[in-house]
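Structure data (mmCIF, C-alpha atoms and all ligand atoms) from data.cif:
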data_structure
#
loop_
_atom_site.label_atom_id
_atom_site.label_comp_id
_atom_site.auth_asym_id
_atom_site.auth_seq_id
_atom_site.Cartn_x
_atom_site.Cartn_y
_atom_site.Cartn_z
CA MET A 87 296.92 -34.95 109.33
CA ARG A 88 300.33 -35.58 110.78
CA ARG A 89 301.07 -32.09 109.57
CA LEU A 90 298.17 -30.77 111.60
CA PHE A 91 299.37 -32.50 114.74
CA GLY A 92 302.87 -31.19 114.19
CA PHE A 93 301.62 -27.70 113.69
CA ILE A 94 299.45 -27.68 116.79
CA ASN A 95 302.24 -29.07 118.93
CA ALA A 96 304.66 -26.48 117.63
CA TYR A 97 302.08 -23.78 118.12
CA TYR A 98 301.39 -24.65 121.73
CA THR A 99 305.06 -24.95 122.50
CA SER A 100 305.78 -21.51 121.13
CA ALA A 101 302.70 -20.05 122.83
CA LEU A 102 303.83 -21.46 126.15
CA ARG A 103 307.35 -20.14 125.66
CA SER A 104 306.19 -16.67 124.77
CA GLY A 105 303.89 -16.45 127.76
CA MET A 106 300.92 -16.03 125.48
CA LEU A 107 298.79 -18.29 127.65
CA ALA A 108 298.74 -15.59 130.29
CA LEU A 109 296.85 -13.13 128.11
CA ALA A 110 293.47 -12.15 129.43
CA VAL A 111 290.34 -13.23 127.61
CA GLY A 112 289.44 -9.65 126.80
CA ILE A 113 292.63 -9.23 124.84
CA PHE A 114 292.30 -12.24 122.66
CA ALA A 115 289.77 -10.69 120.35
CA LEU A 116 292.34 -8.08 119.55
CA SER A 117 294.96 -10.74 119.04
CA VAL A 118 293.15 -12.58 116.26
CA PRO A 119 295.18 -11.60 113.21
CA GLY A 120 293.45 -9.25 110.82
CA VAL A 121 290.43 -8.70 113.02
CA VAL A 122 289.68 -5.43 114.73
CA SER A 123 287.62 -5.53 117.87
CA ALA A 124 285.03 -2.83 117.59
CA ALA A 125 282.76 -2.90 120.58
CA GLU A 126 281.77 -4.82 123.69
CA PHE A 127 278.14 -5.21 124.62
CA VAL A 128 277.21 -6.32 128.12
CA VAL A 129 273.72 -7.79 127.98
CA ASP A 130 271.76 -6.56 131.00
CA SER A 131 268.30 -7.96 130.28
CA ALA A 132 267.15 -11.55 129.77
CA ILE A 133 264.07 -10.56 127.73
CA ASP A 134 263.93 -11.06 123.96
CA ALA A 135 263.62 -7.71 122.20
CA VAL A 136 265.09 -6.11 119.08
CA ASP A 137 267.50 -3.18 118.94
CA ASP A 138 265.58 -0.02 118.12
CA ASN A 139 268.36 1.49 116.00
CA PRO A 140 270.99 -0.96 114.76
CA GLY A 141 274.23 0.73 113.81
CA ASP A 142 274.18 3.60 116.30
CA GLY A 143 276.72 1.78 118.45
CA ILE A 144 274.27 1.42 121.32
CA CYS A 145 272.70 -1.88 122.35
CA ASP A 146 269.24 -0.73 123.37
CA ASP A 147 265.72 -2.04 122.78
CA GLY A 148 264.29 1.47 123.16
CA SER A 149 263.47 0.91 126.81
CA GLY A 150 266.99 0.99 128.15
CA ASN A 151 267.57 -2.75 127.92
CA CYS A 152 270.56 -4.33 126.22
CA THR A 153 269.14 -7.69 125.20
CA LEU A 154 270.97 -10.59 123.55
CA ARG A 155 269.05 -10.01 120.32
CA ALA A 156 269.78 -6.27 120.37
CA ALA A 157 273.47 -6.98 120.98
CA VAL A 158 273.61 -9.36 118.00
CA MET A 159 271.79 -6.85 115.76
CA GLU A 160 274.11 -4.06 116.86
CA SER A 161 277.27 -6.12 116.37
CA ASN A 162 276.04 -7.13 112.91
CA ALA A 163 275.58 -3.47 112.00
CA LEU A 164 279.00 -2.40 113.29
CA ALA A 165 282.09 -3.32 111.29
CA GLY A 166 284.65 -5.47 113.06
CA GLN A 167 284.61 -8.32 115.56
CA ASP A 168 282.55 -7.27 118.55
CA GLU A 169 282.09 -9.08 121.83
CA ILE A 170 278.86 -9.85 123.67
CA ILE A 171 278.99 -10.64 127.38
CA LEU A 172 276.21 -12.67 128.98
CA SER A 173 275.63 -13.26 132.67
CA ASP A 174 274.24 -16.13 134.73
CA GLU A 175 270.72 -15.89 133.34
CA ILE A 176 268.32 -17.92 131.22
CA TYR A 177 267.83 -16.06 127.94
CA LEU A 178 264.53 -17.33 126.54
CA ILE A 179 263.91 -16.64 122.87
CA THR A 180 260.27 -15.61 122.42
CA ILE A 181 260.11 -13.88 119.03
CA PRO A 182 259.24 -16.39 116.29
CA GLY A 183 260.17 -15.85 112.67
CA THR A 184 262.49 -16.77 109.84
CA ASP A 185 264.35 -13.58 108.89
CA ASP A 186 268.11 -13.49 108.31
CA VAL A 187 268.84 -10.24 110.15
CA ALA A 188 268.30 -11.39 113.75
CA ALA A 189 265.15 -9.33 114.24
CA ASP A 190 263.06 -12.47 114.64
CA GLY A 191 263.49 -16.18 115.06
CA ASP A 192 267.07 -17.35 115.22
CA LEU A 193 269.91 -14.98 116.03
CA ASP A 194 271.59 -14.40 112.68
CA ILE A 195 275.26 -13.62 113.15
CA ARG A 196 276.45 -11.72 110.09
CA ASP A 197 279.83 -10.43 111.25
CA SER A 198 282.73 -11.81 113.26
CA LEU A 199 281.73 -11.99 116.90
CA ILE A 200 282.61 -13.43 120.29
CA ILE A 201 279.81 -14.37 122.66
CA GLN A 202 281.06 -15.03 126.18
CA GLY A 203 278.81 -16.61 128.79
CA ALA A 204 279.46 -17.09 132.49
CA GLY A 205 279.81 -20.87 132.07
CA ALA A 206 277.70 -23.65 130.57
CA ASP A 207 276.17 -24.29 133.99
CA GLU A 208 275.39 -20.59 134.52
CA THR A 209 274.32 -19.05 131.22
CA VAL A 210 271.51 -20.67 129.22
CA ILE A 211 270.04 -19.65 125.88
CA ASP A 212 266.72 -21.47 125.57
CA ALA A 213 264.93 -21.34 122.22
CA GLY A 214 261.67 -22.52 123.78
CA ASN A 215 261.25 -25.01 120.92
CA ILE A 216 260.16 -22.17 118.58
CA THR A 217 263.38 -21.57 116.62
CA ARG A 218 267.08 -22.37 116.35
CA VAL A 219 269.51 -20.19 118.31
CA PHE A 220 272.45 -19.20 116.10
CA HIS A 221 272.69 -18.93 112.31
CA LEU A 222 276.08 -17.85 110.94
CA LEU A 223 276.01 -16.15 107.55
CA ASP A 224 277.61 -13.17 105.88
CA ASP A 225 276.27 -13.47 102.32
CA ASP A 226 279.88 -13.37 101.10
CA ASP A 227 281.40 -16.39 99.40
CA LEU A 228 284.85 -14.81 99.32
CA SER A 229 285.38 -14.31 103.03
CA GLN A 230 284.43 -16.06 106.23
CA ILE A 231 283.34 -14.50 109.46
CA GLU A 232 284.86 -15.96 112.66
CA VAL A 233 282.47 -16.59 115.51
CA GLY A 234 283.51 -17.76 118.98
CA ILE A 235 280.86 -18.94 121.44
CA LEU A 236 282.15 -19.64 124.94
CA GLY A 237 280.81 -20.70 128.30
CA LEU A 238 277.09 -21.22 127.80
CA THR A 239 274.32 -23.74 127.21
CA ILE A 240 272.07 -23.77 124.15
CA GLN A 241 268.91 -25.82 124.54
CA ASN A 242 265.42 -26.55 123.24
CA SER A 243 266.24 -25.33 119.75
CA VAL A 244 264.33 -26.50 116.71
CA ALA A 245 264.80 -25.88 113.01
CA GLY A 246 263.04 -26.92 109.83
CA ASN A 247 266.31 -27.22 107.92
CA ALA A 248 269.79 -28.37 108.90
CA GLY A 249 271.24 -27.20 112.21
CA GLY A 250 268.93 -27.34 115.23
CA ALA A 251 270.94 -25.22 117.66
CA ILE A 252 273.62 -23.81 115.33
CA ARG A 253 273.63 -23.54 111.53
CA ASN A 254 276.97 -22.72 109.95
CA VAL A 255 276.98 -23.24 106.21
CA SER A 256 280.21 -21.49 105.27
CA GLU A 257 281.73 -19.58 108.18
CA VAL A 258 284.27 -20.36 110.93
CA LEU A 259 282.86 -21.42 114.29
CA PHE A 260 284.68 -21.97 117.58
CA LEU A 261 283.00 -23.38 120.68
CA GLU A 262 284.63 -23.66 124.09
CA GLY A 263 282.89 -24.81 127.25
CA VAL A 264 279.56 -24.95 125.43
CA ASN A 265 276.72 -27.37 126.13
CA ILE A 266 274.30 -28.04 123.29
CA GLN A 267 271.35 -30.12 124.34
CA ASP A 268 267.76 -31.14 123.60
CA SER A 269 267.70 -29.59 120.14
CA THR A 270 266.22 -30.96 116.91
CA ALA A 271 266.41 -30.57 113.15
CA PRO A 272 266.05 -32.90 110.16
CA ARG A 273 269.85 -32.95 109.86
CA GLY A 274 272.30 -31.88 112.52
CA GLY A 275 270.01 -31.69 115.53
CA GLY A 276 272.77 -29.95 117.48
CA ILE A 277 275.09 -28.44 114.88
CA TYR A 278 275.22 -28.28 111.10
CA VAL A 279 278.50 -27.43 109.40
CA GLY A 280 278.05 -26.86 105.68
CA PRO A 281 280.44 -27.70 102.84
CA ASP A 282 282.39 -24.44 103.08
CA GLY A 283 282.16 -24.13 106.85
CA GLY A 284 284.40 -25.14 109.73
CA ALA A 285 283.92 -25.79 113.41
CA THR A 286 286.38 -26.31 116.25
CA ILE A 287 284.60 -27.66 119.30
CA PHE A 288 286.65 -27.66 122.50
CA SER A 289 285.74 -28.86 126.01
CA SER A 290 282.07 -28.99 125.13
CA ALA A 291 279.11 -31.36 125.34
CA ILE A 292 276.72 -32.24 122.53
CA ILE A 293 273.99 -34.21 124.25
CA ASN A 294 270.46 -35.47 123.74
CA ASN A 295 269.87 -33.80 120.38
CA SER A 296 268.01 -35.45 117.55
CA ALA A 297 267.68 -35.52 113.78
CA THR A 298 264.00 -36.01 113.14
CA ASP A 299 260.89 -35.04 111.14
CA ASP A 300 262.20 -35.93 107.69
CA PRO A 301 261.81 -39.69 107.23
CA GLY A 302 264.62 -41.26 105.23
CA GLU A 303 266.85 -38.19 105.54
CA GLU A 304 267.26 -37.86 109.30
CA ARG A 305 271.03 -37.68 109.73
CA GLY A 306 273.42 -36.50 112.41
CA GLY A 307 271.56 -36.27 115.71
CA GLY A 308 274.43 -34.39 117.35
CA ILE A 309 276.50 -33.07 114.45
CA PHE A 310 276.03 -33.09 110.69
CA ASN A 311 279.35 -32.18 109.09
CA SER A 312 279.79 -31.42 105.41
CA GLY A 313 282.79 -29.15 105.97
CA GLU A 314 285.70 -29.38 108.40
CA THR A 315 284.97 -30.10 112.03
CA VAL A 316 287.41 -30.78 114.87
CA VAL A 317 286.20 -31.94 118.28
CA LEU A 318 288.68 -31.91 121.17
CA ASN A 319 288.01 -32.75 124.83
CA THR A 320 284.34 -33.06 123.97
CA THR A 321 281.52 -35.47 124.83
CA ILE A 322 278.95 -36.41 122.18
CA SER A 323 276.35 -38.50 123.96
CA GLY A 324 272.71 -39.49 123.92
CA ASN A 325 271.95 -38.07 120.48
CA THR A 326 269.48 -39.76 118.14
CA ALA A 327 268.99 -39.85 114.38
CA GLY A 328 266.08 -41.45 112.61
CA ASP A 329 268.30 -42.77 109.83
CA LEU A 330 272.08 -42.31 109.89
CA GLY A 331 274.63 -41.16 112.45
CA GLY A 332 273.02 -40.78 115.85
CA GLY A 333 276.04 -38.89 117.16
CA ILE A 334 277.73 -37.70 113.99
CA PHE A 335 276.93 -37.85 110.30
CA ASN A 336 279.99 -36.98 108.25
CA GLU A 337 280.27 -36.14 104.60
CA GLY A 338 283.29 -33.83 105.02
CA ASP A 339 286.46 -33.91 107.12
CA PHE A 340 285.96 -34.76 110.77
CA VAL A 341 288.67 -35.01 113.42
CA SER A 342 288.16 -36.26 116.97
CA ILE A 343 290.90 -35.83 119.58
CA PHE A 344 290.50 -36.90 123.23
CA SER A 345 286.75 -37.00 122.87
CA THR A 346 284.05 -39.43 123.99
CA ILE A 347 281.32 -40.50 121.57
CA ALA A 348 278.91 -42.68 123.52
CA GLY A 349 275.31 -43.71 123.90
CA ASN A 350 274.13 -42.35 120.56
CA VAL A 351 271.34 -44.12 118.71
CA THR A 352 269.82 -44.55 115.27
CA GLU A 353 266.18 -45.52 115.18
CA ALA A 354 266.91 -47.36 111.93
CA GLY A 355 269.05 -49.77 113.90
CA LEU A 356 272.30 -48.72 112.18
CA ALA A 357 275.56 -47.58 113.74
CA GLY A 358 274.80 -44.92 116.31
CA GLY A 359 278.21 -43.33 116.86
CA ILE A 360 279.36 -42.00 113.51
CA HIS A 361 278.24 -42.64 109.96
CA GLN A 362 280.25 -41.51 106.96
CA ILE A 363 279.55 -41.50 103.25
CA VAL A 364 281.88 -41.92 100.30
CA GLY A 365 284.27 -39.01 99.85
CA SER A 366 284.43 -38.10 103.52
CA GLY A 367 287.09 -38.78 106.13
CA ALA A 368 287.13 -39.07 109.90
CA GLN A 369 290.35 -39.27 111.87
CA PHE A 370 290.45 -40.25 115.53
CA PHE A 371 293.15 -39.82 118.13
CA GLY A 372 292.74 -40.74 121.80
CA THR A 373 289.01 -41.08 121.27
CA ILE A 374 286.53 -43.37 122.97
CA ILE A 375 283.66 -44.40 120.74
CA ALA A 376 281.58 -46.83 122.70
CA ASP A 377 278.16 -48.05 123.74
CA ASN A 378 276.41 -46.64 120.68
CA SER A 379 273.35 -48.44 119.34
CA THR A 380 273.48 -50.41 117.17
CA GLY A 381 277.25 -50.35 116.78
CA ASP A 382 279.71 -47.49 116.90
CA CYS A 383 280.75 -46.80 113.29
CA GLY A 384 278.93 -47.11 109.98
CA GLY A 385 279.59 -46.36 106.33
CA ILE A 386 283.12 -45.39 105.27
CA LEU A 387 285.80 -46.57 107.65
CA VAL A 388 287.33 -44.30 110.29
CA GLU A 389 291.07 -43.63 110.08
CA SER A 390 292.92 -44.17 113.32
CA LEU A 391 295.75 -41.89 114.33
CA GLY A 392 296.32 -43.95 117.46
CA TYR A 393 295.18 -44.61 121.03
CA ASN A 394 291.48 -45.04 120.32
CA MET A 395 289.07 -47.41 122.03
CA SER A 396 285.75 -48.76 120.76
CA THR A 397 283.25 -51.39 121.78
CA THR A 398 282.61 -52.54 118.20
CA GLY A 399 285.58 -52.35 115.89
CA CYS A 400 285.42 -49.05 113.98
CA ASN A 401 288.45 -50.02 111.91
CA LEU A 402 290.74 -49.26 114.84
CA ILE A 403 293.71 -51.09 113.34
CA ASP A 404 296.59 -49.02 114.68
CA PRO A 405 298.69 -51.14 117.08
CA THR A 406 298.00 -48.60 119.82
CA ASP A 407 294.21 -48.91 119.47
CA SER A 408 291.95 -51.11 121.54
CA PRO A 409 288.87 -52.13 119.53
CA ASP A 410 286.18 -54.42 120.87
CA THR A 411 286.88 -53.23 124.40
CA ASP A 412 284.49 -52.03 127.08
CA PRO A 413 285.92 -48.73 128.39
CA LEU A 414 283.69 -48.97 131.49
CA LEU A 415 282.09 -45.57 131.03
CA GLY A 416 279.98 -44.25 133.86
CA PRO A 417 276.61 -42.62 133.13
CA LEU A 418 276.48 -39.15 131.60
CA GLN A 419 276.46 -36.93 134.66
CA ASP A 420 278.02 -34.01 136.50
CA ASN A 421 281.53 -35.14 137.36
CA GLY A 422 282.77 -31.62 138.01
CA GLY A 423 283.33 -28.85 135.50
CA PRO A 424 280.62 -26.91 133.67
CA THR A 425 279.51 -29.68 131.28
CA LEU A 426 278.45 -33.32 131.71
CA THR A 427 280.89 -36.17 131.13
CA HIS A 428 281.15 -39.95 131.20
CA ALA A 429 283.61 -40.75 134.00
CA LEU A 430 285.92 -43.71 133.61
CA GLN A 431 284.89 -46.21 136.22
CA GLU A 432 287.33 -48.08 138.40
CA GLY A 433 289.30 -50.57 136.38
CA SER A 434 288.60 -48.87 133.04
CA PRO A 435 291.16 -49.85 130.40
CA ALA A 436 290.98 -46.28 129.06
CA VAL A 437 292.81 -45.00 132.14
CA ASP A 438 296.42 -44.07 131.28
CA PHE A 439 295.76 -45.57 127.85
CA ALA A 440 296.78 -42.78 125.48
CA ASP A 441 300.00 -41.03 124.74
CA ASN A 442 301.60 -37.91 126.14
CA GLU A 443 303.50 -37.03 123.00
CA LEU A 444 300.88 -35.32 120.90
CA PHE A 445 298.02 -33.32 122.34
CA CYS A 446 297.97 -34.45 125.94
CA LEU A 447 300.66 -32.27 127.45
CA ASP A 448 299.89 -29.34 125.19
CA VAL A 449 296.20 -29.20 125.95
CA GLY A 450 296.92 -30.08 129.56
CA ILE A 451 293.30 -30.39 130.73
CA ASP A 452 290.29 -32.61 130.21
CA GLN A 453 286.75 -31.50 129.32
CA ARG A 454 286.08 -30.51 132.91
CA GLY A 455 289.19 -28.36 133.21
CA THR A 456 290.99 -30.97 135.32
CA ILE A 457 294.71 -31.04 134.64
CA ARG A 458 295.97 -33.98 132.62
CA PRO A 459 297.83 -36.25 132.48
CA VAL A 460 297.08 -37.84 135.82
CA ASP A 461 298.47 -41.15 137.07
CA GLY A 462 295.14 -42.93 137.10
CA ASP A 463 296.39 -46.48 137.50
CA GLY A 464 298.82 -45.82 140.30
CA ASP A 465 301.88 -47.15 138.54
CA GLY A 466 303.83 -43.96 139.17
CA THR A 467 303.58 -42.63 135.60
CA ALA A 468 301.00 -40.04 134.62
CA ILE A 469 299.62 -40.70 131.14
CA CYS A 470 296.59 -39.21 129.42
CA ASP A 471 293.43 -41.29 129.39
CA ALA A 472 291.51 -41.85 126.18
CA GLY A 473 288.37 -39.78 125.84
CA ALA A 474 287.25 -36.42 127.19
CA PHE A 475 287.52 -37.38 130.86
CA GLU A 476 290.76 -37.84 132.80
CA ALA A 477 290.32 -40.20 135.75
CA ASP A 478 291.37 -38.96 139.15
CA PRO A 479 294.60 -40.20 140.68
CA VAL A 480 294.63 -43.46 142.51
CA VAL A 481 295.22 -42.89 146.20
CA VAL A 482 297.48 -45.56 147.60
CA ILE A 483 296.29 -46.44 151.06
CA PRO A 484 299.04 -47.88 153.25
CA ASP A 485 298.62 -51.50 154.24
CA GLY A 486 296.53 -51.94 157.34
CA ASP A 487 294.69 -48.62 157.18
CA ASP A 488 291.43 -50.06 155.94
CA GLY A 489 292.17 -53.70 155.81
CA SER A 490 292.01 -53.80 152.04
CA GLY A 491 295.73 -53.49 151.58
CA GLY A 492 295.17 -52.14 148.09
CA CYS A 493 294.36 -49.06 146.13
CA SER A 494 291.15 -47.15 145.74
CA MET A 495 289.99 -44.46 143.40
CA ALA A 496 290.00 -40.94 144.78
CA GLU A 497 286.72 -39.12 145.08
CA PRO A 498 285.74 -37.34 141.86
CA GLY A 499 286.68 -33.72 141.81
CA VAL A 500 288.19 -30.93 139.81
CA SER A 501 291.77 -30.10 140.50
CA GLY A 502 291.32 -26.39 140.23
CA ALA A 503 292.47 -25.93 136.67
CA GLY A 504 289.62 -23.66 135.66
CA ALA A 505 291.91 -20.69 135.26
CA LEU A 506 294.14 -22.70 132.98
CA ALA A 507 291.18 -23.43 130.76
CA ALA A 508 290.55 -19.72 130.39
CA TYR A 509 294.13 -19.12 129.36
CA LEU A 510 293.82 -21.76 126.69
CA LEU A 511 291.07 -19.83 124.97
CA ILE A 512 293.49 -17.54 123.26
CA PRO A 513 295.69 -19.95 121.37
CA LEU A 514 292.79 -22.24 120.59
CA PHE A 515 290.81 -19.46 119.02
CA MET A 516 293.80 -18.46 116.96
CA LEU A 517 294.18 -22.04 115.86
CA ILE A 518 290.91 -22.05 114.01
CA ALA A 519 292.04 -20.62 110.73
CA ARG A 520 295.22 -22.64 110.82
CA ILE A 521 293.39 -25.90 111.48
CA ARG A 522 291.19 -25.06 108.54
CA ARG A 523 294.19 -24.53 106.34
CA SER A 524 295.89 -27.70 107.56
CA LEU A 525 292.81 -29.77 106.86
CA GLY A 526 292.51 -28.19 103.46
CA SER A 527 296.05 -29.20 102.61
CA LEU A 528 295.65 -32.89 103.44
CA CA A 601 271.31 0.33 118.56
CA CA A 602 280.54 -6.27 114.15
CA CA A 603 266.45 -14.76 112.28
CA CA A 604 295.71 -40.79 133.25
#

For the file at hand, write its structure as structure tokens.
Ligand SMILES: [Ca+2]
Ligand SMILES: [Ca+2]
Ligand SMILES: [Ca+2]
Ligand SMILES: [Ca+2]
Amino acid sequence: MRRLFGFINAYYTSALRSGMLALAVGIFALSVPGVVSAAEFVVDSAIDAVDDNPGDGICDDGSGNCTLRAAVMESNALAGQDEIILSDEIYLITIPGTDDVAADGDLDIRDSLIIQGAGADETVIDAGNITRVFHLLDDDDLSQIEVGILGLTIQNSVAGNAGGAIRNVSEVLFLEGVNIQDSTAPRGGGIYVGPDGGATIFSSAIINNSATDDPGEERGGGIFNSGETVVLNTTISGNTAGDLGGGIFNEGDFVSIFSTIAGNVTEAGLAGGIHQIVGSGAQFFGTIIADNSTGDCGGILVESLGYNMSTTGCNLIDPTDSPDTDPLLGPLQDNGGPTLTHALQEGSPAVDFADNELFCLDVGIDQRGTIRPVDGDGDGTAICDAGAFEADPVVVIPDGDDGSGGCSMAEPGVSGAGALAAYLLIPLFMLIARIRRSLGSL
């Protein structure tokens, strides 16, 4: 894992030096090595209708509408990594079914693809509790498709097998600025990553999903990971599992960096944050895992890579960790940015708690897009906070101004780093395959 950290640091440094972060989003599909961008489909209708002639290069339901489903069917039929652009609409899925070619039920993605929304607070794909939303599969054990989903919300998804909102058995998935909420499945209410699959989840929220309807086997309310999953700048909160792992159930390799895992529950009364079984491994850096019921970590112990905080142990034995500590998380709410977060309340020990050496300076933003590190404790040194949320700077009020003579927290707000977040898409997407390889070489 140290190798992975070293690689990512080196990668960001070289990307910054070469000016790569200034590339436009539209170019980054072309910049993924070995992938040819074939077509761009701008969805212009929020209805759910099939493409009337997949493979003709035209996204059209026969009535002049380019729907989301038609765009997926067309991009499946065309060779190469296509891009689908969504606008600030609610795309309600209304066609039930269980096929694997995206003509009904879930949207089966069978070729490399980028789906770009207008923001998680603008673009919503709502499955209406009749189906899941995305199923990644290419029927090819020798190669993996690469699918990037950016800037949208997926909600009200339901599936009879693993993966409520997204099912990825053996492909490569990248999420950025995505909100996955209110979705259910027996395992992986939000996301299922299978044994040969990988997921990199960046600046996203996995909230209020549940693993249900399969008594004794209900695992991973938010995420069920059998493969390789990395979460970075991400909040996993309010998820529920009947049996094991309210937030995360892990039987593969799971890495959490600057993420917040809070308020997840198991109905069985076991650890709500993360549960791991024998043969799996979870590694945490700069992560807050707190306020889960009952307890934060269960099963196989978590490995700390430093600067983590928990309310109930979690094997946080690195000298830089702070187990058995209340991080003073605020409620899950809109604290700025496109996805919900748990703010660090005044006096939180997670403020300026982490380390600037590894990911902090390279990533440079929190989940909301706010620049980090920020000097949140007013001691004159800006250091990254643990978790997905970077507290705002302390404003020092001169003595006598308000009679308090002390410091107060600034009003919550975003420091205008949204554009920076967009620039980061490119290197992060390109990191996917390399993260996979690094994890595989542990
Ligand atoms: Ca067509
Ligand atoms: Ca294609
Ligand atoms: Ca389908
Ligand atoms: Ca800070």

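From atom CA of A:Ile176 back to atom CA of A:Asp147, the distance works out to 18.2 Å.
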
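With all atoms listed in the file as the atoms that count, the residue of A:Leu236, A:Ile457, A:Val158, A:Ile266 with the shortest distance to A:Leu426 is A:Ile266.
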
Report the closest atom pair, with its distance in Å rounded to one decimal, for each residue of chain A that has an atom no farther than 10 Å from ligand CA 601 (chain A); count only C-alpha atoms and all ligand atoms, sort by chain and then rising residue number, and write it as a Markdown table.
| residue | atom | partner | partner_atom | distance |
| --- | --- | --- | --- | --- |
| A:Val136 | CA | A:CA601 | CA | 9.0 |
| A:Asp137 | CA | A:CA601 | CA | 5.2 |
| A:Asp138 | CA | A:CA601 | CA | 5.8 |
| A:Asn139 | CA | A:CA601 | CA | 4.1 |
| A:Pro140 | CA | A:CA601 | CA | 4.0 |
| A:Gly141 | CA | A:CA601 | CA | 5.6 |
| A:Asp142 | CA | A:CA601 | CA | 4.9 |
| A:Gly143 | CA | A:CA601 | CA | 5.6 |
| A:Ile144 | CA | A:CA601 | CA | 4.2 |
| A:Cys145 | CA | A:CA601 | CA | 4.6 |
| A:Asp146 | CA | A:CA601 | CA | 5.3 |
| A:Asp147 | CA | A:CA601 | CA | 7.4 |
| A:Gly148 | CA | A:CA601 | CA | 8.5 |
| A:Cys152 | CA | A:CA601 | CA | 9.0 |
| A:Ala156 | CA | A:CA601 | CA | 7.0 |
| A:Ala157 | CA | A:CA601 | CA | 8.0 |
| A:Val158 | CA | A:CA601 | CA | 10.0 |
| A:Met159 | CA | A:CA601 | CA | 7.7 |
| A:Glu160 | CA | A:CA601 | CA | 5.5 |
| A:Ser161 | CA | A:CA601 | CA | 9.1 |
| A:Ala163 | CA | A:CA601 | CA | 8.7 |
| A:Leu164 | CA | A:CA601 | CA | 9.7 |

Discussion item. Applying 7 Å and all atoms listed in the file, which residues near A:Ala472 remain after dropping the ones on its own chain fewer than 6 positions away? List them as a PyMOL selection string.
Written reply: chain A and resi 344+372-374+393-394+436-437+439-440

Counting only C-alpha atoms and all ligand atoms, which residues of chain A sit at most 8 Å from some atom of ligand CA 604 (chain A), and what is each one's closest atom pair with its distance in Å to one decimal, listed by chain and rising residue number, as a Markdown table?
| residue | atom | partner | partner_atom | distance |
| --- | --- | --- | --- | --- |
| A:Val437 | CA | A:CA604 | CA | 5.2 |
| A:Asp438 | CA | A:CA604 | CA | 3.9 |
| A:Phe439 | CA | A:CA604 | CA | 7.2 |
| A:Arg458 | CA | A:CA604 | CA | 6.8 |
| A:Pro459 | CA | A:CA604 | CA | 5.1 |
| A:Val460 | CA | A:CA604 | CA | 4.1 |
| A:Asp461 | CA | A:CA604 | CA | 4.7 |
| A:Gly462 | CA | A:CA604 | CA | 4.4 |
| A:Asp463 | CA | A:CA604 | CA | 7.1 |
| A:Ala468 | CA | A:CA604 | CA | 5.5 |
| A:Ile469 | CA | A:CA604 | CA | 4.4 |
| A:Cys470 | CA | A:CA604 | CA | 4.2 |
| A:Asp471 | CA | A:CA604 | CA | 4.5 |
| A:Glu476 | CA | A:CA604 | CA | 5.8 |
| A:Ala477 | CA | A:CA604 | CA | 6.0 |
| A:Asp478 | CA | A:CA604 | CA | 7.5 |
| A:Pro479 | CA | A:CA604 | CA | 7.5 |

Produce a file of the selected residues containing C-alpha atoms, as a compact mmCIF listing (two decimals), in the coordinates of the input.
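Result file is out16.txt:
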# COMPACT_ATOMS: atom_id res chain seq x y z
CA VAL A 437 292.81 -45.00 132.14
CA ASP A 438 296.42 -44.07 131.28
CA PHE A 439 295.76 -45.57 127.85
CA ARG A 458 295.97 -33.98 132.62
CA PRO A 459 297.83 -36.25 132.48
CA VAL A 460 297.08 -37.84 135.82
CA ASP A 461 298.47 -41.15 137.07
CA GLY A 462 295.14 -42.93 137.10
CA ASP A 463 296.39 -46.48 137.50
CA ALA A 468 301.00 -40.04 134.62
CA ILE A 469 299.62 -40.70 131.14
CA CYS A 470 296.59 -39.21 129.42
CA ASP A 471 293.43 -41.29 129.39
CA GLU A 476 290.76 -37.84 132.80
CA ALA A 477 290.32 -40.20 135.75
CA ASP A 478 291.37 -38.96 139.15
CA PRO A 479 294.60 -40.20 140.68

Compile a residue-level contact table for chain A against ligand CA 603 (chain A) at a cut-off of 9 Å, reporting for every qualifying residue the shortest atom pair and its distance in Å to one decimal, with all atoms listed in the file counted, rows ordered by chain and ascending number, as JSON lines.
{"residue": "A:Pro182", "atom": "CA", "partner": "A:CA603", "partner_atom": "CA", "distance": 8.4}
{"residue": "A:Gly183", "atom": "CA", "partner": "A:CA603", "partner_atom": "CA", "distance": 6.4}
{"residue": "A:Thr184", "atom": "CA", "partner": "A:CA603", "partner_atom": "CA", "distance": 5.1}
{"residue": "A:Asp185", "atom": "CA", "partner": "A:CA603", "partner_atom": "CA", "distance": 4.2}
{"residue": "A:Asp186", "atom": "CA", "partner": "A:CA603", "partner_atom": "CA", "distance": 4.5}
{"residue": "A:Val187", "atom": "CA", "partner": "A:CA603", "partner_atom": "CA", "distance": 5.5}
{"residue": "A:Ala188", "atom": "CA", "partner": "A:CA603", "partner_atom": "CA", "distance": 4.1}
{"residue": "A:Ala189", "atom": "CA", "partner": "A:CA603", "partner_atom": "CA", "distance": 5.9}
{"residue": "A:Asp190", "atom": "CA", "partner": "A:CA603", "partner_atom": "CA", "distance": 4.7}
{"residue": "A:Gly191", "atom": "CA", "partner": "A:CA603", "partner_atom": "CA", "distance": 4.3}
{"residue": "A:Asp192", "atom": "CA", "partner": "A:CA603", "partner_atom": "CA", "distance": 4.0}
{"residue": "A:Leu193", "atom": "CA", "partner": "A:CA603", "partner_atom": "CA", "distance": 5.1}
{"residue": "A:Asp194", "atom": "CA", "partner": "A:CA603", "partner_atom": "CA", "distance": 5.2}
{"residue": "A:Ile195", "atom": "CA", "partner": "A:CA603", "partner_atom": "CA", "distance": 8.9}
{"residue": "A:Thr217", "atom": "CA", "partner": "A:CA603", "partner_atom": "CA", "distance": 8.6}
{"residue": "A:Arg218", "atom": "CA", "partner": "A:CA603", "partner_atom": "CA", "distance": 8.7}
{"residue": "A:Val219", "atom": "CA", "partner": "A:CA603", "partner_atom": "CA", "distance": 8.7}
{"residue": "A:Phe220", "atom": "CA", "partner": "A:CA603", "partner_atom": "CA", "distance": 8.4}
{"residue": "A:His221", "atom": "CA", "partner": "A:CA603", "partner_atom": "CA", "distance": 7.5}
